[in-house]
Amino acid sequence: MTTVSVVTPSGKGGADVELPGEIFEAKVNIPLIHQVVVAQEAAARQGTHATKTRGEVRGGGKKPYRQKGTGRARQGSLRAPQYAGGGTVHGPVPRSYEQRTPKKMKAAALRGALSDRTSHGRLAVVSAFVEDGEPSTADALTVLRTAVGEAGARLQRPVLVVLAADDEVARKSLRNIPRVRVLDSGQLNTYDVLLCDHVVFTQAALAEFVARTGGGELVTVDKPAAKPARAAKPKAVDGEDTEKPAAKPARAAKPKAVDGENTEKPAAKPARAAKPKAAAEEGEEPAAKPAKAPSSRARKTATASATESADDSGADAAPPVVKQRSSGTSRKSASSGSGAAKEEQQ
């Protein structure tokens, strides 16, 4: 469904009109439109053309000359077709050129023509051409230029204006404008739509046309009430700045609440770093953690102290220390000691 903005004489924003899709979004059948237009033009012909045959022309009752002996062609009347002033052979006679065209074909062709103008953006809707009750060609032309989108003083392209049946003020205002064709909503036809580049409806005429063609009621959406509502929202926001800024800083206020709870949550996170501090104060856990590394150092210091004590104690404590480090040297020393004792006994 296509939506068109309604042009007002004051130039202010009017309502939006929803064009029924079954009328203004129909399929464009060009052969059908051609047939309907040809039939419409044929029906416009009067068909009063007529000519006179040689029997209807005045004069020519006497034979011009004798039948034989003159050497000329035989003639029976001077009003024969070959003579000037004579009759006409097979000339036109009065008749009707009307073609039988079903109503459904005419309606389908009109829907196709209107759909073509709508798809190209050449259909407009006007609330009224004159605000006052008196006809005014200047005011009507100003509104028409706004609806069509032309800025010149005169219209460059033909425009079809569709009015309501009882809109005499608009009809008198538009009837003297060049390139403007004015029709009632009941007179709208395919030929006039195709003859003009733009089609302009009044809101009342569009409602009549939609109701007549079976499109239902015309749906209008008022924009003036919606636009101030959008402009009023910033004012309400300005008035509520004392609350909404308070709501936005509320996200920044959460860190404040967290700062108030830092005695617990920060204590939980720094607890890992706080353990060394507690250990340093107690003197146990720091000694226990380094104890893993100094355990080897303790063994080394224990062995070093053992060697120092062995040196201080003398030769009695030396053999055990030597036996712990190397058993081979102790055996050699023992064997050498036993040999020296045997020699002394001998």
# chains A, B, ... in the order shown; residues from 1 in each chain; ligands from 1
>>> residues_around(residues="A:Val221", least_positions_apart="6", cutoff="12 Å", atoms="only C-alpha atoms", output="list in words")
Thr3, Val4, Ser5, Val6, Gly13, Gly14, Ala15, Asp16, Val17, Glu18, Leu19 and Lys227 of chain A
>>> residues_around(residues="A:Ala164", least_positions_apart="5", cutoff="7 Å", atoms="only C-alpha atoms", output="JSON, numbers by chain")
{"A": [184, 185, 204, 205]}
>>> write_last_selection(atoms="C-alpha atoms", output="short mmCIF file (atom, residue, chain, number, x, y, z; two decimals), in the first residue's frame")
data_model
loop_
_atom_site.label_atom_id
_atom_site.label_comp_id
_atom_site.auth_asym_id
_atom_site.auth_seq_id
_atom_site.Cartn_x
_atom_site.Cartn_y
_atom_site.Cartn_z
CA ASP A 184 -15.03 15.21 -11.78
CA SER A 185 -14.25 11.99 -9.97
CA ALA A 204 -12.73 14.52 -1.24
CA ALA A 205 -12.51 13.45 -4.90
#
>>> residues_around(residues="stretch 142-149 of chain A", least_positions_apart="6", cutoff="12 Å", atoms="only C-alpha atoms", output="mmCIF file with all heavy atoms, in the first residue's frame")
data_model
loop_
_atom_site.group_PDB
_atom_site.id
_atom_site.type_symbol
_atom_site.label_atom_id
_atom_site.label_comp_id
_atom_site.auth_asym_id
_atom_site.auth_seq_id
_atom_site.Cartn_x
_atom_site.Cartn_y
_atom_site.Cartn_z
ATOM 1 N N VAL A 4 0.814 8.648 0.430
ATOM 2 C CA VAL A 4 1.065 9.940 -0.210
ATOM 3 C C VAL A 4 0.753 11.040 0.796
ATOM 4 O O VAL A 4 -0.261 10.979 1.497
ATOM 5 C CB VAL A 4 0.209 10.107 -1.487
ATOM 6 C CG1 VAL A 4 0.458 11.468 -2.126
ATOM 7 C CG2 VAL A 4 0.516 8.990 -2.469
ATOM 8 N N SER A 5 1.617 12.044 0.850
ATOM 9 C CA SER A 5 1.404 13.184 1.747
ATOM 10 C C SER A 5 0.425 14.164 1.109
ATOM 11 O O SER A 5 0.511 14.458 -0.087
ATOM 12 C CB SER A 5 2.721 13.892 2.045
ATOM 13 O OG SER A 5 3.610 13.018 2.708
ATOM 14 N N VAL A 6 -0.481 14.672 1.909
ATOM 15 C CA VAL A 6 -1.496 15.611 1.425
ATOM 16 C C VAL A 6 -0.934 17.021 1.484
ATOM 17 O O VAL A 6 -0.400 17.453 2.508
ATOM 18 C CB VAL A 6 -2.781 15.504 2.272
ATOM 19 C CG1 VAL A 6 -3.822 16.490 1.780
ATOM 20 C CG2 VAL A 6 -3.320 14.080 2.223
ATOM 21 N N VAL A 7 -1.061 17.757 0.366
ATOM 22 C CA VAL A 7 -0.588 19.142 0.271
ATOM 23 C C VAL A 7 -1.718 20.062 0.705
ATOM 24 O O VAL A 7 -2.865 19.921 0.262
ATOM 25 C CB VAL A 7 -0.134 19.471 -1.157
ATOM 26 C CG1 VAL A 7 0.352 20.915 -1.251
ATOM 27 C CG2 VAL A 7 0.959 18.507 -1.599
ATOM 28 N N THR A 8 -1.383 21.028 1.568
ATOM 29 C CA THR A 8 -2.375 21.971 2.078
ATOM 30 C C THR A 8 -2.117 23.358 1.504
ATOM 31 O O THR A 8 -0.982 23.685 1.142
ATOM 32 C CB THR A 8 -2.317 22.025 3.612
ATOM 33 O OG1 THR A 8 -0.990 22.407 4.014
ATOM 34 C CG2 THR A 8 -2.628 20.664 4.217
ATOM 35 N N PRO A 9 -3.136 24.214 1.411
ATOM 36 C CA PRO A 9 -2.912 25.574 0.895
ATOM 37 C C PRO A 9 -1.971 26.397 1.767
ATOM 38 O O PRO A 9 -1.264 27.261 1.263
ATOM 39 C CB PRO A 9 -4.332 26.169 0.879
ATOM 40 C CG PRO A 9 -5.238 25.002 0.825
ATOM 41 C CD PRO A 9 -4.561 23.917 1.597
ATOM 42 N N SER A 10 -1.950 26.131 3.070
ATOM 43 C CA SER A 10 -1.072 26.898 3.961
ATOM 44 C C SER A 10 0.381 26.465 3.863
ATOM 45 O O SER A 10 1.256 27.157 4.365
ATOM 46 C CB SER A 10 -1.556 26.749 5.406
ATOM 47 O OG SER A 10 -1.530 25.389 5.815
ATOM 48 N N GLY A 11 0.640 25.335 3.246
ATOM 49 C CA GLY A 11 2.007 24.845 3.139
ATOM 50 C C GLY A 11 2.457 24.015 4.310
ATOM 51 O O GLY A 11 3.564 23.476 4.297
ATOM 52 N N LYS A 12 1.656 23.911 5.350
ATOM 53 C CA LYS A 12 2.022 23.105 6.512
ATOM 54 C C LYS A 12 1.754 21.634 6.225
ATOM 55 O O LYS A 12 1.025 21.287 5.312
ATOM 56 C CB LYS A 12 1.223 23.553 7.744
ATOM 57 C CG LYS A 12 1.491 24.991 8.148
ATOM 58 C CD LYS A 12 0.669 25.365 9.372
ATOM 59 C CE LYS A 12 0.921 26.808 9.760
ATOM 60 N NZ LYS A 12 0.114 27.210 10.943
ATOM 61 N N GLY A 121 5.769 8.386 -9.374
ATOM 62 C CA GLY A 121 5.708 9.550 -8.481
ATOM 63 C C GLY A 121 4.993 10.741 -9.081
ATOM 64 O O GLY A 121 5.321 11.884 -8.745
ATOM 65 N N ARG A 122 4.021 10.513 -9.946
ATOM 66 C CA ARG A 122 3.313 11.603 -10.603
ATOM 67 C C ARG A 122 1.860 11.682 -10.185
ATOM 68 O O ARG A 122 1.007 12.155 -10.938
ATOM 69 C CB ARG A 122 3.405 11.449 -12.129
ATOM 70 C CG ARG A 122 4.820 11.581 -12.646
ATOM 71 C CD ARG A 122 4.871 11.524 -14.153
ATOM 72 N NE ARG A 122 6.222 11.725 -14.646
ATOM 73 C CZ ARG A 122 6.567 11.744 -15.940
ATOM 74 N NH1 ARG A 122 5.621 11.574 -16.863
ATOM 75 N NH2 ARG A 122 7.812 11.922 -16.292
ATOM 76 N N LEU A 123 1.560 11.209 -8.996
ATOM 77 C CA LEU A 123 0.213 11.311 -8.441
ATOM 78 C C LEU A 123 0.302 12.024 -7.100
ATOM 79 O O LEU A 123 1.124 11.664 -6.255
ATOM 80 C CB LEU A 123 -0.413 9.920 -8.277
ATOM 81 C CG LEU A 123 -1.891 9.886 -7.905
ATOM 82 C CD1 LEU A 123 -2.593 8.756 -8.641
ATOM 83 C CD2 LEU A 123 -2.085 9.725 -6.409
ATOM 84 N N ALA A 124 -0.522 13.057 -6.934
ATOM 85 C CA ALA A 124 -0.501 13.869 -5.715
ATOM 86 C C ALA A 124 -1.926 14.044 -5.200
ATOM 87 O O ALA A 124 -2.909 13.888 -5.942
ATOM 88 C CB ALA A 124 0.136 15.232 -5.979
ATOM 89 N N VAL A 125 -2.006 14.386 -3.915
ATOM 90 C CA VAL A 125 -3.297 14.602 -3.251
ATOM 91 C C VAL A 125 -3.251 15.962 -2.571
ATOM 92 O O VAL A 125 -2.263 16.298 -1.901
ATOM 93 C CB VAL A 125 -3.603 13.495 -2.229
ATOM 94 C CG1 VAL A 125 -4.955 13.735 -1.571
ATOM 95 C CG2 VAL A 125 -3.565 12.127 -2.892
ATOM 96 N N VAL A 126 -4.314 16.744 -2.740
ATOM 97 C CA VAL A 126 -4.408 18.093 -2.184
ATOM 98 C C VAL A 126 -5.642 18.143 -1.294
ATOM 99 O O VAL A 126 -6.708 17.629 -1.658
ATOM 100 C CB VAL A 126 -4.498 19.143 -3.314
ATOM 101 C CG1 VAL A 126 -4.689 20.536 -2.746
ATOM 102 C CG2 VAL A 126 -3.257 19.098 -4.178
ATOM 103 N N SER A 127 -5.502 18.781 -0.136
ATOM 104 C CA SER A 127 -6.666 18.919 0.746
ATOM 105 C C SER A 127 -7.695 19.883 0.160
ATOM 106 O O SER A 127 -8.895 19.624 0.172
ATOM 107 C CB SER A 127 -6.221 19.397 2.131
ATOM 108 O OG SER A 127 -5.596 20.677 2.027
ATOM 109 N N ALA A 128 -7.218 21.005 -0.376
ATOM 110 C CA ALA A 128 -8.081 21.996 -1.037
ATOM 111 C C ALA A 128 -7.182 22.950 -1.813
ATOM 112 O O ALA A 128 -6.008 23.136 -1.481
ATOM 113 C CB ALA A 128 -8.940 22.748 -0.037
ATOM 114 N N PHE A 129 -7.739 23.549 -2.851
ATOM 115 C CA PHE A 129 -6.969 24.505 -3.637
ATOM 116 C C PHE A 129 -7.129 25.929 -3.119
ATOM 117 O O PHE A 129 -6.237 26.761 -3.293
ATOM 118 C CB PHE A 129 -7.393 24.443 -5.112
ATOM 119 C CG PHE A 129 -6.866 23.240 -5.829
ATOM 120 C CD1 PHE A 129 -7.651 22.112 -5.994
ATOM 121 C CD2 PHE A 129 -5.584 23.228 -6.340
ATOM 122 C CE1 PHE A 129 -7.177 21.006 -6.656
ATOM 123 C CE2 PHE A 129 -5.085 22.128 -7.013
ATOM 124 C CZ PHE A 129 -5.887 20.998 -7.168
ATOM 125 N N VAL A 130 -8.257 26.225 -2.501
ATOM 126 C CA VAL A 130 -8.522 27.566 -1.976
ATOM 127 C C VAL A 130 -9.071 27.411 -0.571
ATOM 128 O O VAL A 130 -9.999 26.612 -0.324
ATOM 129 C CB VAL A 130 -9.538 28.317 -2.875
ATOM 130 C CG1 VAL A 130 -9.788 29.709 -2.322
ATOM 131 C CG2 VAL A 130 -9.023 28.387 -4.315
ATOM 132 N N GLU A 131 -8.485 28.159 0.359
ATOM 133 C CA GLU A 131 -8.958 28.084 1.749
ATOM 134 C C GLU A 131 -10.254 28.864 1.937
ATOM 135 O O GLU A 131 -11.177 28.408 2.604
ATOM 136 C CB GLU A 131 -7.882 28.622 2.694
ATOM 137 C CG GLU A 131 -6.667 27.711 2.827
ATOM 138 C CD GLU A 131 -5.673 28.260 3.816
ATOM 139 O OE1 GLU A 131 -5.709 29.468 4.099
ATOM 140 O OE2 GLU A 131 -4.847 27.461 4.310
ATOM 141 N N SER A 136 -9.974 31.753 -6.445
ATOM 142 C CA SER A 136 -8.712 32.485 -6.574
ATOM 143 C C SER A 136 -7.775 31.654 -7.441
ATOM 144 O O SER A 136 -7.290 30.601 -7.025
ATOM 145 C CB SER A 136 -8.089 32.752 -5.202
ATOM 146 O OG SER A 136 -6.833 33.371 -5.341
ATOM 147 N N LEU A 155 2.985 26.244 -15.772
ATOM 148 C CA LEU A 155 3.211 24.799 -15.768
ATOM 149 C C LEU A 155 3.840 24.377 -17.093
ATOM 150 O O LEU A 155 3.401 24.790 -18.166
ATOM 151 C CB LEU A 155 1.884 24.063 -15.564
ATOM 152 C CG LEU A 155 1.167 24.332 -14.232
ATOM 153 C CD1 LEU A 155 -0.176 23.615 -14.217
ATOM 154 C CD2 LEU A 155 2.019 23.882 -13.057
ATOM 155 N N GLN A 156 4.870 23.562 -17.007
ATOM 156 C CA GLN A 156 5.560 23.110 -18.197
ATOM 157 C C GLN A 156 4.943 21.848 -18.787
ATOM 158 O O GLN A 156 5.148 21.567 -19.963
ATOM 159 C CB GLN A 156 7.041 22.845 -17.854
ATOM 160 C CG GLN A 156 7.774 24.056 -17.305
ATOM 161 C CD GLN A 156 7.823 25.198 -18.302
ATOM 162 O OE1 GLN A 156 7.937 24.986 -19.514
ATOM 163 N NE2 GLN A 156 7.738 26.422 -17.795
ATOM 164 N N ARG A 157 4.214 21.092 -17.995
ATOM 165 C CA ARG A 157 3.629 19.836 -18.459
ATOM 166 C C ARG A 157 2.137 19.810 -18.128
ATOM 167 O O ARG A 157 1.709 20.420 -17.153
ATOM 168 C CB ARG A 157 4.329 18.637 -17.817
ATOM 169 C CG ARG A 157 5.788 18.507 -18.239
ATOM 170 C CD ARG A 157 6.433 17.293 -17.610
ATOM 171 N NE ARG A 157 7.804 17.127 -18.043
ATOM 172 C CZ ARG A 157 8.195 16.543 -19.174
ATOM 173 N NH1 ARG A 157 7.266 16.043 -19.987
ATOM 174 N NH2 ARG A 157 9.451 16.434 -19.498
ATOM 175 N N PRO A 158 1.355 19.100 -18.923
ATOM 176 C CA PRO A 158 -0.098 19.055 -18.665
ATOM 177 C C PRO A 158 -0.413 18.323 -17.361
ATOM 178 O O PRO A 158 0.236 17.335 -16.998
ATOM 179 C CB PRO A 158 -0.656 18.307 -19.873
ATOM 180 C CG PRO A 158 0.505 17.551 -20.423
ATOM 181 C CD PRO A 158 1.718 18.360 -20.139
ATOM 182 N N VAL A 159 -1.405 18.820 -16.646
ATOM 183 C CA VAL A 159 -1.799 18.280 -15.343
ATOM 184 C C VAL A 159 -3.293 17.989 -15.372
ATOM 185 O O VAL A 159 -4.092 18.811 -15.834
ATOM 186 C CB VAL A 159 -1.470 19.269 -14.210
ATOM 187 C CG1 VAL A 159 -1.896 18.697 -12.866
ATOM 188 C CG2 VAL A 159 0.015 19.604 -14.201
ATOM 189 N N LEU A 160 -3.656 16.821 -14.866
ATOM 190 C CA LEU A 160 -5.056 16.450 -14.734
ATOM 191 C C LEU A 160 -5.469 16.639 -13.279
ATOM 192 O O LEU A 160 -4.867 16.064 -12.374
ATOM 193 C CB LEU A 160 -5.267 14.989 -15.153
ATOM 194 C CG LEU A 160 -6.672 14.422 -14.935
ATOM 195 C CD1 LEU A 160 -7.690 15.169 -15.792
ATOM 196 C CD2 LEU A 160 -6.699 12.932 -15.238
ATOM 197 N N VAL A 161 -6.498 17.452 -13.056
ATOM 198 C CA VAL A 161 -7.002 17.729 -11.713
ATOM 199 C C VAL A 161 -8.374 17.074 -11.584
ATOM 200 O O VAL A 161 -9.276 17.325 -12.388
ATOM 201 C CB VAL A 161 -7.098 19.241 -11.438
ATOM 202 C CG1 VAL A 161 -7.642 19.497 -10.039
ATOM 203 C CG2 VAL A 161 -5.735 19.893 -11.610
ATOM 204 N N VAL A 162 -8.500 16.230 -10.552
ATOM 205 C CA VAL A 162 -9.755 15.523 -10.306
ATOM 206 C C VAL A 162 -10.403 16.137 -9.076
ATOM 207 O O VAL A 162 -9.813 16.162 -7.986
ATOM 208 C CB VAL A 162 -9.508 14.016 -10.088
ATOM 209 C CG1 VAL A 162 -10.833 13.282 -9.923
ATOM 210 C CG2 VAL A 162 -8.710 13.437 -11.250
ATOM 211 N N ALA A 170 -13.128 25.374 -6.553
ATOM 212 C CA ALA A 170 -11.881 24.914 -7.154
ATOM 213 C C ALA A 170 -11.991 24.837 -8.676
ATOM 214 O O ALA A 170 -11.033 25.153 -9.395
ATOM 215 C CB ALA A 170 -11.515 23.547 -6.585
ATOM 216 N N SER A 173 -11.548 28.243 -10.039
ATOM 217 C CA SER A 173 -10.183 28.733 -9.831
ATOM 218 C C SER A 173 -9.202 28.129 -10.824
ATOM 219 O O SER A 173 -8.175 28.744 -11.135
ATOM 220 C CB SER A 173 -9.731 28.408 -8.403
ATOM 221 O OG SER A 173 -10.589 29.001 -7.446
ATOM 222 N N LEU A 174 -9.494 26.929 -11.340
ATOM 223 C CA LEU A 174 -8.534 26.230 -12.189
ATOM 224 C C LEU A 174 -8.887 26.239 -13.672
ATOM 225 O O LEU A 174 -8.064 25.838 -14.491
ATOM 226 C CB LEU A 174 -8.428 24.762 -11.725
ATOM 227 C CG LEU A 174 -7.860 24.522 -10.320
ATOM 228 C CD1 LEU A 174 -8.103 23.087 -9.911
ATOM 229 C CD2 LEU A 174 -6.381 24.849 -10.264
ATOM 230 N N ILE A 177 -6.423 28.188 -16.209
ATOM 231 C CA ILE A 177 -4.971 27.955 -16.164
ATOM 232 C C ILE A 177 -4.573 27.090 -17.356
ATOM 233 O O ILE A 177 -5.178 26.039 -17.598
ATOM 234 C CB ILE A 177 -4.565 27.257 -14.850
ATOM 235 C CG1 ILE A 177 -4.978 28.122 -13.653
ATOM 236 C CG2 ILE A 177 -3.077 26.994 -14.817
ATOM 237 C CD1 ILE A 177 -4.691 27.475 -12.315
ATOM 238 N N ARG A 179 -2.713 24.352 -19.666
ATOM 239 C CA ARG A 179 -2.204 22.989 -19.450
ATOM 240 C C ARG A 179 -2.815 22.318 -18.225
ATOM 241 O O ARG A 179 -2.203 21.441 -17.622
ATOM 242 C CB ARG A 179 -0.678 22.992 -19.320
ATOM 243 C CG ARG A 179 0.055 23.439 -20.569
ATOM 244 C CD ARG A 179 1.548 23.205 -20.426
ATOM 245 N NE ARG A 179 2.247 23.577 -21.632
ATOM 246 C CZ ARG A 179 2.731 24.790 -21.879
ATOM 247 N NH1 ARG A 179 2.575 25.736 -20.971
ATOM 248 N NH2 ARG A 179 3.352 25.048 -23.003
ATOM 249 N N VAL A 180 -4.024 22.732 -17.849
ATOM 250 C CA VAL A 180 -4.722 22.102 -16.723
ATOM 251 C C VAL A 180 -6.054 21.573 -17.225
ATOM 252 O O VAL A 180 -6.847 22.307 -17.832
ATOM 253 C CB VAL A 180 -4.932 23.096 -15.554
ATOM 254 C CG1 VAL A 180 -5.790 22.457 -14.470
ATOM 255 C CG2 VAL A 180 -3.598 23.528 -14.982
ATOM 256 N N CYS A 196 -2.176 13.414 -19.706
ATOM 257 C CA CYS A 196 -1.498 14.347 -18.804
ATOM 258 C C CYS A 196 -0.360 13.631 -18.075
ATOM 259 O O CYS A 196 -0.443 12.434 -17.782
ATOM 260 C CB CYS A 196 -2.484 14.924 -17.786
ATOM 261 S SG CYS A 196 -3.868 15.805 -18.562
ATOM 262 N N ASP A 197 0.682 14.385 -17.784
ATOM 263 C CA ASP A 197 1.851 13.812 -17.111
ATOM 264 C C ASP A 197 1.628 13.641 -15.619
ATOM 265 O O ASP A 197 2.205 12.739 -15.007
ATOM 266 C CB ASP A 197 3.078 14.693 -17.347
ATOM 267 C CG ASP A 197 3.557 14.623 -18.781
ATOM 268 O OD1 ASP A 197 3.070 13.726 -19.508
ATOM 269 O OD2 ASP A 197 4.393 15.448 -19.192
ATOM 270 N N HIS A 198 0.826 14.509 -15.010
ATOM 271 C CA HIS A 198 0.589 14.462 -13.570
ATOM 272 C C HIS A 198 -0.912 14.370 -13.303
ATOM 273 O O HIS A 198 -1.722 14.947 -14.047
ATOM 274 C CB HIS A 198 1.151 15.708 -12.859
ATOM 275 C CG HIS A 198 2.640 15.834 -12.980
ATOM 276 N ND1 HIS A 198 3.511 15.254 -12.101
ATOM 277 C CD2 HIS A 198 3.409 16.486 -13.890
ATOM 278 C CE1 HIS A 198 4.757 15.529 -12.446
ATOM 279 N NE2 HIS A 198 4.720 16.283 -13.536
ATOM 280 N N VAL A 199 -1.242 13.659 -12.243
ATOM 281 C CA VAL A 199 -2.633 13.530 -11.803
ATOM 282 C C VAL A 199 -2.713 14.029 -10.360
ATOM 283 O O VAL A 199 -1.968 13.557 -9.493
ATOM 284 C CB VAL A 199 -3.123 12.068 -11.885
ATOM 285 C CG1 VAL A 199 -4.566 11.972 -11.422
ATOM 286 C CG2 VAL A 199 -2.973 11.527 -13.298
ATOM 287 N N VAL A 200 -3.590 15.009 -10.127
ATOM 288 C CA VAL A 200 -3.751 15.607 -8.805
ATOM 289 C C VAL A 200 -5.195 15.411 -8.367
ATOM 290 O O VAL A 200 -6.128 15.876 -9.034
ATOM 291 C CB VAL A 200 -3.377 17.104 -8.803
ATOM 292 C CG1 VAL A 200 -3.558 17.699 -7.414
ATOM 293 C CG2 VAL A 200 -1.944 17.292 -9.283
ATOM 294 N N PHE A 201 -5.365 14.740 -7.229
ATOM 295 C CA PHE A 201 -6.682 14.519 -6.644
ATOM 296 C C PHE A 201 -6.885 15.486 -5.478
ATOM 297 O O PHE A 201 -5.929 15.805 -4.758
ATOM 298 C CB PHE A 201 -6.815 13.094 -6.095
ATOM 299 C CG PHE A 201 -7.055 12.043 -7.124
ATOM 300 C CD1 PHE A 201 -5.995 11.414 -7.746
ATOM 301 C CD2 PHE A 201 -8.342 11.670 -7.465
ATOM 302 C CE1 PHE A 201 -6.214 10.425 -8.688
ATOM 303 C CE2 PHE A 201 -8.573 10.684 -8.407
ATOM 304 C CZ PHE A 201 -7.502 10.066 -9.026
ATOM 305 N N THR A 202 -8.112 15.938 -5.298
ATOM 306 C CA THR A 202 -8.455 16.514 -4.005
ATOM 307 C C THR A 202 -8.823 15.356 -3.065
ATOM 308 O O THR A 202 -9.182 14.263 -3.512
ATOM 309 C CB THR A 202 -9.632 17.490 -4.123
ATOM 310 O OG1 THR A 202 -10.766 16.786 -4.636
ATOM 311 C CG2 THR A 202 -9.283 18.653 -5.037
#
>>> residues_around(residues="stretch 101-114 of chain A", least_positions_apart="6", cutoff="9 Å", atoms="only C-alpha atoms", output="compact mmCIF listing (two decimals) with N, CA, C and O atoms, in the first residue's frame")
# COMPACT_ATOMS: atom_id res chain seq x y z
N GLU A 22 -5.11 -2.34 -4.60
CA GLU A 22 -5.82 -2.95 -5.72
C GLU A 22 -6.16 -1.95 -6.81
O GLU A 22 -6.49 -2.34 -7.93
N ILE A 23 -6.05 -0.65 -6.53
CA ILE A 23 -6.33 0.38 -7.54
C ILE A 23 -5.04 1.03 -8.03
O ILE A 23 -4.84 1.20 -9.24
N PHE A 24 -4.16 1.39 -7.12
CA PHE A 24 -2.98 2.17 -7.47
C PHE A 24 -1.70 1.34 -7.50
O PHE A 24 -0.62 1.89 -7.68
N GLU A 25 -1.82 0.02 -7.36
CA GLU A 25 -0.66 -0.86 -7.51
C GLU A 25 -1.01 -2.06 -8.38
O GLU A 25 -0.50 -3.16 -8.19
N ALA A 26 -1.89 -1.84 -9.33
CA ALA A 26 -2.34 -2.92 -10.21
C ALA A 26 -1.32 -3.17 -11.32
O ALA A 26 -0.41 -2.38 -11.57
N LYS A 27 -1.49 -4.29 -12.00
CA LYS A 27 -0.61 -4.64 -13.11
C LYS A 27 -0.95 -3.77 -14.32
O LYS A 27 -2.12 -3.55 -14.65
N VAL A 28 0.07 -3.29 -15.01
CA VAL A 28 -0.10 -2.43 -16.18
C VAL A 28 -0.14 -3.31 -17.43
O VAL A 28 0.87 -3.91 -17.81
N ASN A 29 -1.31 -3.40 -18.04
CA ASN A 29 -1.50 -4.19 -19.26
C ASN A 29 -1.58 -3.22 -20.44
O ASN A 29 -2.61 -2.60 -20.69
N ILE A 30 -0.47 -3.10 -21.17
CA ILE A 30 -0.40 -2.10 -22.24
C ILE A 30 -1.35 -2.42 -23.40
O ILE A 30 -2.04 -1.52 -23.91
N LEU A 32 -4.18 -3.92 -23.32
CA LEU A 32 -5.53 -3.60 -22.86
C LEU A 32 -5.76 -2.09 -22.82
O LEU A 32 -6.83 -1.60 -23.23
N ILE A 33 -4.78 -1.36 -22.35
CA ILE A 33 -4.91 0.10 -22.31
C ILE A 33 -5.06 0.66 -23.72
O ILE A 33 -5.87 1.57 -23.98
N HIS A 34 -4.29 0.11 -24.67
CA HIS A 34 -4.40 0.58 -26.05
C HIS A 34 -5.79 0.31 -26.62
O HIS A 34 -6.39 1.18 -27.28
N GLN A 35 -6.33 -0.86 -26.37
CA GLN A 35 -7.66 -1.18 -26.88
C GLN A 35 -8.72 -0.26 -26.29
O GLN A 35 -9.61 0.23 -27.01
N VAL A 36 -8.62 0.02 -25.00
CA VAL A 36 -9.61 0.87 -24.36
C VAL A 36 -9.50 2.31 -24.87
O VAL A 36 -10.52 3.00 -25.09
N VAL A 37 -8.28 2.79 -25.07
CA VAL A 37 -8.10 4.16 -25.56
C VAL A 37 -8.62 4.30 -26.99
O VAL A 37 -9.28 5.30 -27.34
N ALA A 39 -10.96 2.55 -28.36
CA ALA A 39 -12.42 2.51 -28.29
C ALA A 39 -12.98 3.83 -27.78
O ALA A 39 -14.04 4.30 -28.26
N LEU A 123 1.56 11.21 -9.00
CA LEU A 123 0.21 11.31 -8.44
C LEU A 123 0.30 12.02 -7.10
O LEU A 123 1.12 11.66 -6.25
N LEU A 188 -13.43 10.45 -14.53
CA LEU A 188 -12.05 10.02 -14.69
C LEU A 188 -11.97 8.83 -15.65
O LEU A 188 -12.72 7.87 -15.51
N ASN A 189 -11.04 8.92 -16.63
CA ASN A 189 -10.94 7.88 -17.65
C ASN A 189 -9.48 7.65 -18.00
O ASN A 189 -8.59 8.44 -17.64
N THR A 190 -9.27 6.58 -18.74
CA THR A 190 -7.90 6.17 -19.08
C THR A 190 -7.23 7.16 -20.02
O THR A 190 -6.05 7.47 -19.87
N TYR A 191 -7.96 7.64 -21.01
CA TYR A 191 -7.36 8.54 -22.00
C TYR A 191 -6.85 9.82 -21.36
O TYR A 191 -5.74 10.27 -21.66
N VAL A 193 -5.99 10.31 -18.26
CA VAL A 193 -4.84 10.02 -17.38
C VAL A 193 -3.56 9.90 -18.20
O VAL A 193 -2.50 10.42 -17.81
N LEU A 194 -3.64 9.25 -19.36
CA LEU A 194 -2.45 9.10 -20.20
C LEU A 194 -2.10 10.39 -20.93
O LEU A 194 -0.94 10.60 -21.31
N VAL A 199 -1.24 13.66 -12.24
CA VAL A 199 -2.63 13.53 -11.80
C VAL A 199 -2.71 14.03 -10.36
O VAL A 199 -1.97 13.56 -9.49
N THR A 213 -15.13 2.78 -6.96
CA THR A 213 -14.46 1.64 -7.60
C THR A 213 -14.37 0.41 -6.70
O THR A 213 -13.78 -0.60 -7.10
>>> select_by_dssp(residues="stretch 10-122 of chain A", states="alpha helix (DSSP H)", output="MDAnalysis selection string")
chainID A and resid 21:24 30:43 103:119
>>> residues_around(residues="stretch 85-94 of chain A", least_positions_apart="3", cutoff="7 Å", atoms="only C-alpha atoms", output="list in words")
Gly47, Thr48, His49, Ala50, Thr51, Lys52, Thr53, Arg54, Val57, Leu78, Arg79, Ala80, Pro81 and Gln82 of chain A
>>> atom_distance(atom1="atom CA of A:Val169", atom2="atom CA of A:Pro135")
5.1 Å
